[in-house]
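Shown here: structure-v2.tsv, TSV, C-alpha atoms.
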chain	number	residue	atom	x	y	z
A	26	LEU	CA	27.92	-14.90	-2.97
A	27	ALA	CA	27.77	-18.63	-2.42
A	28	LYS	CA	26.85	-20.53	-5.56
A	29	THR	CA	24.05	-23.04	-5.38
A	30	THR	CA	23.49	-26.24	-7.31
A	31	GLN	CA	20.10	-27.88	-7.65
A	32	PRO	CA	18.65	-30.58	-9.89
A	33	ILE	CA	17.26	-29.04	-13.05
A	34	SER	CA	14.02	-30.98	-12.82
A	35	MET	CA	12.14	-33.49	-10.69
A	36	ASP	CA	8.97	-35.49	-11.13
A	37	SER	CA	6.64	-36.84	-8.50
A	38	TYR	CA	3.03	-37.78	-7.94
A	39	GLU	CA	0.21	-36.31	-5.97
A	40	GLY	CA	0.26	-37.23	-2.29
A	41	GLN	CA	3.97	-37.97	-2.23
A	42	GLU	CA	6.60	-36.20	-0.19
A	43	VAL	CA	9.12	-34.37	-2.35
A	44	ASN	CA	12.62	-33.50	-1.25
A	45	ILE	CA	14.71	-31.06	-3.27
A	46	THR	CA	18.35	-30.81	-2.30
A	47	CYS	CA	20.54	-27.80	-2.87
A	48	SER	CA	24.32	-27.75	-2.61
A	49	HIS	CA	26.11	-24.63	-1.41
A	50	ASN	CA	29.64	-25.68	-0.57
A	51	ASN	CA	30.96	-22.15	-0.18
A	52	ILE	CA	28.31	-20.88	2.20
A	53	ALA	CA	29.61	-18.20	4.55
A	54	THR	CA	29.11	-17.98	8.28
A	55	ASN	CA	26.54	-15.21	8.05
A	56	ASP	CA	24.64	-16.63	5.08
A	57	TYR	CA	21.04	-17.73	5.39
A	58	ILE	CA	19.35	-20.25	3.11
A	59	THR	CA	16.08	-19.25	1.51
A	60	TRP	CA	13.73	-21.06	-0.85
A	61	TYR	CA	11.34	-19.41	-3.27
A	62	GLN	CA	8.61	-20.86	-5.47
A	63	GLN	CA	7.71	-19.47	-8.86
A	64	PHE	CA	4.73	-20.28	-11.06
A	65	PRO	CA	4.81	-19.40	-14.78
A	66	SER	CA	4.35	-15.68	-15.44
A	67	GLN	CA	4.32	-14.82	-11.75
A	68	GLY	CA	6.82	-13.35	-9.34
A	69	PRO	CA	8.57	-15.69	-6.92
A	70	ARG	CA	6.99	-16.42	-3.58
A	71	PHE	CA	8.88	-16.95	-0.34
A	72	ILE	CA	8.56	-20.49	1.01
A	73	ILE	CA	10.95	-20.92	3.89
A	74	GLN	CA	14.25	-19.74	5.33
A	75	GLY	CA	16.76	-21.20	7.74
A	76	TYR	CA	20.26	-20.98	9.13
A	77	LYS	CA	20.86	-24.42	10.60
A	78	THR	CA	19.12	-27.63	11.73
A	79	LYS	CA	15.44	-27.80	10.83
A	80	VAL	CA	12.81	-25.23	10.13
A	81	THR	CA	9.16	-26.02	9.53
A	82	ASN	CA	6.23	-23.87	8.52
A	83	GLU	CA	2.75	-24.54	7.23
A	84	VAL	CA	3.89	-25.42	3.72
A	85	ALA	CA	7.36	-26.94	3.95
A	86	SER	CA	10.30	-28.05	6.01
A	87	LEU	CA	13.92	-27.13	5.54
A	88	PHE	CA	16.67	-29.45	6.68
A	89	ILE	CA	20.19	-28.10	7.05
A	90	PRO	CA	23.03	-30.37	8.18
A	91	ALA	CA	25.64	-29.23	10.64
A	92	ASP	CA	28.20	-28.30	7.98
A	93	ARG	CA	25.55	-26.22	6.14
A	94	LYS	CA	27.01	-27.17	2.78
A	95	SER	CA	23.66	-28.36	1.58
A	96	SER	CA	20.00	-28.02	2.39
A	97	THR	CA	16.86	-29.97	1.60
A	98	LEU	CA	13.44	-28.51	0.99
A	99	SER	CA	10.73	-31.00	1.91
A	100	LEU	CA	7.21	-30.63	0.55
A	101	PRO	CA	4.76	-32.99	2.27
A	102	ARG	CA	1.93	-34.58	0.30
A	103	VAL	CA	2.32	-32.56	-2.88
A	104	SER	CA	-0.56	-31.74	-5.17
A	105	LEU	CA	-0.76	-30.74	-8.82
A	106	SER	CA	-0.66	-27.10	-7.76
A	107	ASP	CA	2.85	-27.58	-6.42
A	108	THR	CA	4.14	-27.84	-9.98
A	109	ALA	CA	6.50	-24.88	-10.15
A	110	VAL	CA	10.14	-23.84	-10.20
A	111	TYR	CA	11.84	-23.87	-6.82
A	112	TYR	CA	14.87	-21.70	-6.19
A	113	CYS	CA	17.43	-22.15	-3.43
A	114	LEU	CA	19.26	-18.96	-2.51
A	115	VAL	CA	22.10	-18.29	-0.11
A	116	ALA	CA	22.70	-14.74	1.01
A	117	ALA	CA	23.73	-12.69	3.98
A	118	GLY	CA	22.73	-9.23	2.90
A	119	GLY	CA	19.27	-9.10	4.38
A	120	GLY	CA	16.89	-6.72	2.74
A	121	ALA	CA	19.62	-4.41	1.55
A	122	ASP	CA	20.81	-6.65	-1.25
A	123	GLY	CA	19.22	-7.98	-4.38
A	124	LEU	CA	19.03	-11.72	-4.78
A	125	THR	CA	21.09	-13.94	-7.05
A	126	PHE	CA	18.95	-16.69	-8.47
A	127	GLY	CA	20.36	-19.95	-9.77
A	128	LYS	CA	18.66	-22.07	-12.37
A	129	GLY	CA	16.16	-23.55	-9.95
A	130	THR	CA	14.43	-26.93	-9.94
A	131	HIS	CA	11.40	-27.46	-12.13
A	132	LEU	CA	9.14	-29.73	-10.11
A	133	ILE	CA	6.42	-31.49	-12.04
A	134	ILE	CA	3.65	-33.22	-10.11
A	135	GLN	CA	1.59	-35.80	-11.94
A	136	PRO	CA	-1.80	-37.19	-10.96
B	15	GLY	CA	1.81	-11.06	4.13
B	16	ALA	CA	3.25	-7.98	2.50
B	17	VAL	CA	1.95	-7.10	-0.93
B	18	VAL	CA	3.84	-5.68	-3.87
B	19	SER	CA	1.97	-4.72	-7.01
B	20	GLN	CA	3.10	-3.94	-10.54
B	21	HIS	CA	1.44	-2.05	-13.31
B	22	PRO	CA	0.83	-2.83	-16.05
B	23	SER	CA	0.75	-6.61	-15.93
B	24	TRP	CA	1.51	-6.74	-19.62
B	25	VAL	CA	2.34	-4.20	-22.30
B	26	ILE	CA	3.01	-4.27	-26.01
B	27	CYS	CA	4.90	-1.41	-27.57
B	28	LYS	CA	6.53	-0.57	-30.84
B	29	SER	CA	10.26	-0.55	-31.33
B	30	GLY	CA	11.78	2.81	-30.45
B	31	THR	CA	9.16	3.84	-27.93
B	32	SER	CA	9.52	4.02	-24.15
B	33	VAL	CA	7.58	2.07	-21.57
B	34	LYS	CA	7.15	2.77	-17.87
B	35	ILE	CA	6.54	0.01	-15.35
B	36	GLU	CA	5.41	0.79	-11.81
B	37	CYS	CA	6.18	-1.17	-8.66
B	38	ARG	CA	4.30	-0.37	-5.48
B	39	SER	CA	4.53	-1.68	-1.96
B	40	LEU	CA	0.91	-1.63	-0.82
B	41	ASP	CA	1.09	-2.15	2.90
B	42	PHE	CA	4.62	-1.24	3.86
B	43	GLN	CA	7.25	1.32	3.06
B	44	ALA	CA	10.30	0.29	1.11
B	45	THR	CA	13.41	2.42	1.00
B	46	THR	CA	14.92	-0.16	-1.31
B	47	MET	CA	13.35	-2.02	-4.19
B	48	PHE	CA	14.92	-4.33	-6.72
B	49	TRP	CA	14.28	-4.88	-10.40
B	50	TYR	CA	14.77	-8.22	-12.13
B	51	ARG	CA	14.43	-9.43	-15.68
B	52	GLN	CA	13.49	-12.95	-16.67
B	53	PHE	CA	13.68	-14.34	-20.18
B	54	PRO	CA	11.61	-17.39	-21.15
B	55	LYS	CA	12.72	-20.59	-19.43
B	56	GLN	CA	15.50	-18.76	-17.65
B	57	SER	CA	16.08	-17.63	-14.10
B	58	LEU	CA	15.63	-14.15	-12.71
B	59	MET	CA	18.51	-11.76	-13.19
B	60	LEU	CA	18.98	-8.78	-10.94
B	61	MET	CA	19.09	-5.58	-12.97
B	62	ALA	CA	19.29	-2.80	-10.44
B	63	THR	CA	18.66	-1.61	-6.93
B	64	SER	CA	16.25	1.26	-6.55
B	65	ASN	CA	16.93	3.55	-3.59
B	66	GLU	CA	14.39	6.06	-2.35
B	67	GLY	CA	15.76	9.56	-2.63
B	68	SER	CA	18.98	8.60	-4.36
B	69	LYS	CA	20.28	7.17	-7.60
B	70	ALA	CA	19.72	3.58	-8.50
B	71	THR	CA	22.64	1.20	-8.66
B	72	TYR	CA	22.88	-1.05	-11.68
B	73	GLU	CA	24.33	-4.50	-12.08
B	74	GLN	CA	27.22	-4.97	-14.43
B	75	GLY	CA	26.11	-5.06	-18.02
B	76	VAL	CA	22.80	-3.24	-17.46
B	77	GLU	CA	22.60	0.07	-19.32
B	78	LYS	CA	21.51	2.74	-16.90
B	79	ASP	CA	20.58	5.13	-19.70
B	80	LYS	CA	18.29	2.56	-21.20
B	81	PHE	CA	16.64	1.35	-18.02
B	82	LEU	CA	15.74	4.47	-16.06
B	83	ILE	CA	14.77	3.91	-12.46
B	84	ASN	CA	13.03	6.44	-10.25
B	85	HIS	CA	12.20	5.76	-6.60
B	86	ALA	CA	10.26	8.91	-5.83
B	87	SER	CA	8.47	7.75	-2.71
B	88	LEU	CA	8.67	5.07	-0.06
B	89	THR	CA	6.03	3.01	-1.83
B	90	LEU	CA	6.75	3.51	-5.52
B	91	SER	CA	9.58	2.69	-7.86
B	92	THR	CA	9.35	2.99	-11.62
B	93	LEU	CA	11.37	1.36	-14.36
B	94	THR	CA	11.32	3.04	-17.76
B	95	VAL	CA	12.61	1.11	-20.72
B	96	THR	CA	13.72	3.77	-23.16
B	97	SER	CA	13.89	3.28	-26.91
B	98	ALA	CA	12.73	-0.28	-26.51
B	99	HIS	CA	13.80	-2.93	-28.99
B	100	PRO	CA	12.57	-6.48	-29.52
B	101	GLU	CA	15.48	-7.85	-27.49
B	102	ASP	CA	14.10	-5.96	-24.47
B	103	SER	CA	11.02	-8.15	-24.57
B	104	SER	CA	11.02	-9.95	-21.25
B	105	PHE	CA	9.28	-10.45	-17.93
B	106	TYR	CA	10.18	-7.66	-15.52
B	107	ILE	CA	9.72	-8.28	-11.81
B	108	CYS	CA	10.28	-6.03	-8.83
B	109	SER	CA	10.80	-6.95	-5.20
B	110	ALA	CA	11.07	-5.20	-1.87
B	111	PRO	CA	12.02	-6.26	1.63
B	112	ARG	CA	9.42	-5.44	4.23
B	113	ASP	CA	12.12	-5.36	6.85
B	114	PRO	CA	15.56	-4.17	5.65
B	115	ALA	CA	17.11	-6.17	8.47
B	116	GLY	CA	15.25	-9.29	7.45
B	117	TYR	CA	15.87	-11.70	4.63
B	118	GLU	CA	12.49	-12.16	3.02
B	119	GLN	CA	11.78	-10.35	-0.21
B	120	TYR	CA	8.28	-9.73	-1.48
B	121	PHE	CA	7.95	-9.93	-5.21
B	122	GLY	CA	5.51	-8.23	-7.51
B	123	PRO	CA	3.46	-10.25	-9.99
B	124	GLY	CA	5.65	-9.19	-12.88
B	125	THR	CA	5.14	-7.22	-16.10
B	126	ARG	CA	5.33	-8.91	-19.48
B	127	LEU	CA	6.86	-6.53	-22.03
B	128	THR	CA	6.63	-7.32	-25.71
B	129	VAL	CA	8.35	-5.00	-28.17
B	130	THR	CA	7.25	-5.35	-31.78

Would you write out, as structure tokens, the structure that this file holds?
Amino acid sequence: LAKTTQPISMDSYEGQEVNITCSHNNIATNDYITWYQQFPSQGPRFIIQGYKTKVTNEVASLFIPADRKSSTLSLPRVSLSDTAVYYCLVAAGGGADGLTFGKGTHLIIQP
Amino acid sequence: GAVVSQHPSWVICKSGTSVKIECRSLDFQATTMFWYRQFPKQSLMLMATSNEGSKATYEQGVEKDKFLINHASLTLSTLTVTSAHPEDSSFYICSAPRDPAGYEQYFGPGTRLTVT
């Protein structure tokens, strides 16, 4: 499994755009990149997934460069409720495999 | 989206007793479910894969005789912590893929276990 590296923590302010970058230098050809969000004492929640280029949904965008060795989760106009831990995962196993979580990024949004 | 529930949401038990945690997929069938453990301020760690109709597979270092997993139906997996000790106190979370060919996992809300 490709190992991921993310910043341990980040701070931002309400209304700002937040970009969290994840490094995955050993990503394999059939690996997808997935981001999850976790609030304290809750299970993780799927945010977004991509393979290459850019993916956008109603809550976030995911930017993946051509070499796929990194990815950036972009959260537009964050609010206090976006304070959470964000995990970047790289995996190819689909639903048949359990997930390997790294340390994640603790994002703190201030007023 | 798909919903996965867990019961109980929290439990306190005495050392030496056993505790059962249920994980249910409410609006889809799951032939595979996964169990994770999360200690305070740490990441999730995969414990085992629960397979409907067959034995669970455990990650290295997880005692299968201590953490009994039963996947008796396509919507229910149970994790029983046997002879619990204070070091088993943790946050236990299950997940299931709605589509085995897909990549999105749906996580339960977690169960907080405290062993006194």

For chain A, which residues have at least one atom within 8 Å of chain B, if we go by all atoms listed in the file? Write them as a ChimeraX atom specification, please. /A:57,66-71,117-129

Non-local contacts of Thr46 of chain A (9 Å; all atoms listed in the file; under 2 positions in same chain excluded) as a PyMOL selection string: chain A and resi 30-32+44+48+95-99+113

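Counting only C-alpha atoms and comparing B:His99, B:Glu66, B:Ile26, B:Thr94, the residue that lies closest to Asp79 of chain B is B:Thr94.
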
Spatial neighbours of Ser97 of chain B, max dist 6 Å, all atoms listed in the file, sep filter under 5 positions, as a VMD selection string: chain B and resid 30 to 32

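When only C-alpha atoms are used to measure the gap to Pro136 of chain A, the shortest distance among A:Ser86, A:Asn51, A:Ser37, A:Gln62 belongs to A:Ser37.
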
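With atom CA of Leu93 of chain B on one side and atom CA of Tyr111 of chain A on the other, the separation reads 26.3 Å.
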
Do you have the atom CA of Ser106 of chain A-atom CA of Glu39 of chain A distance handy? 9.4 Å
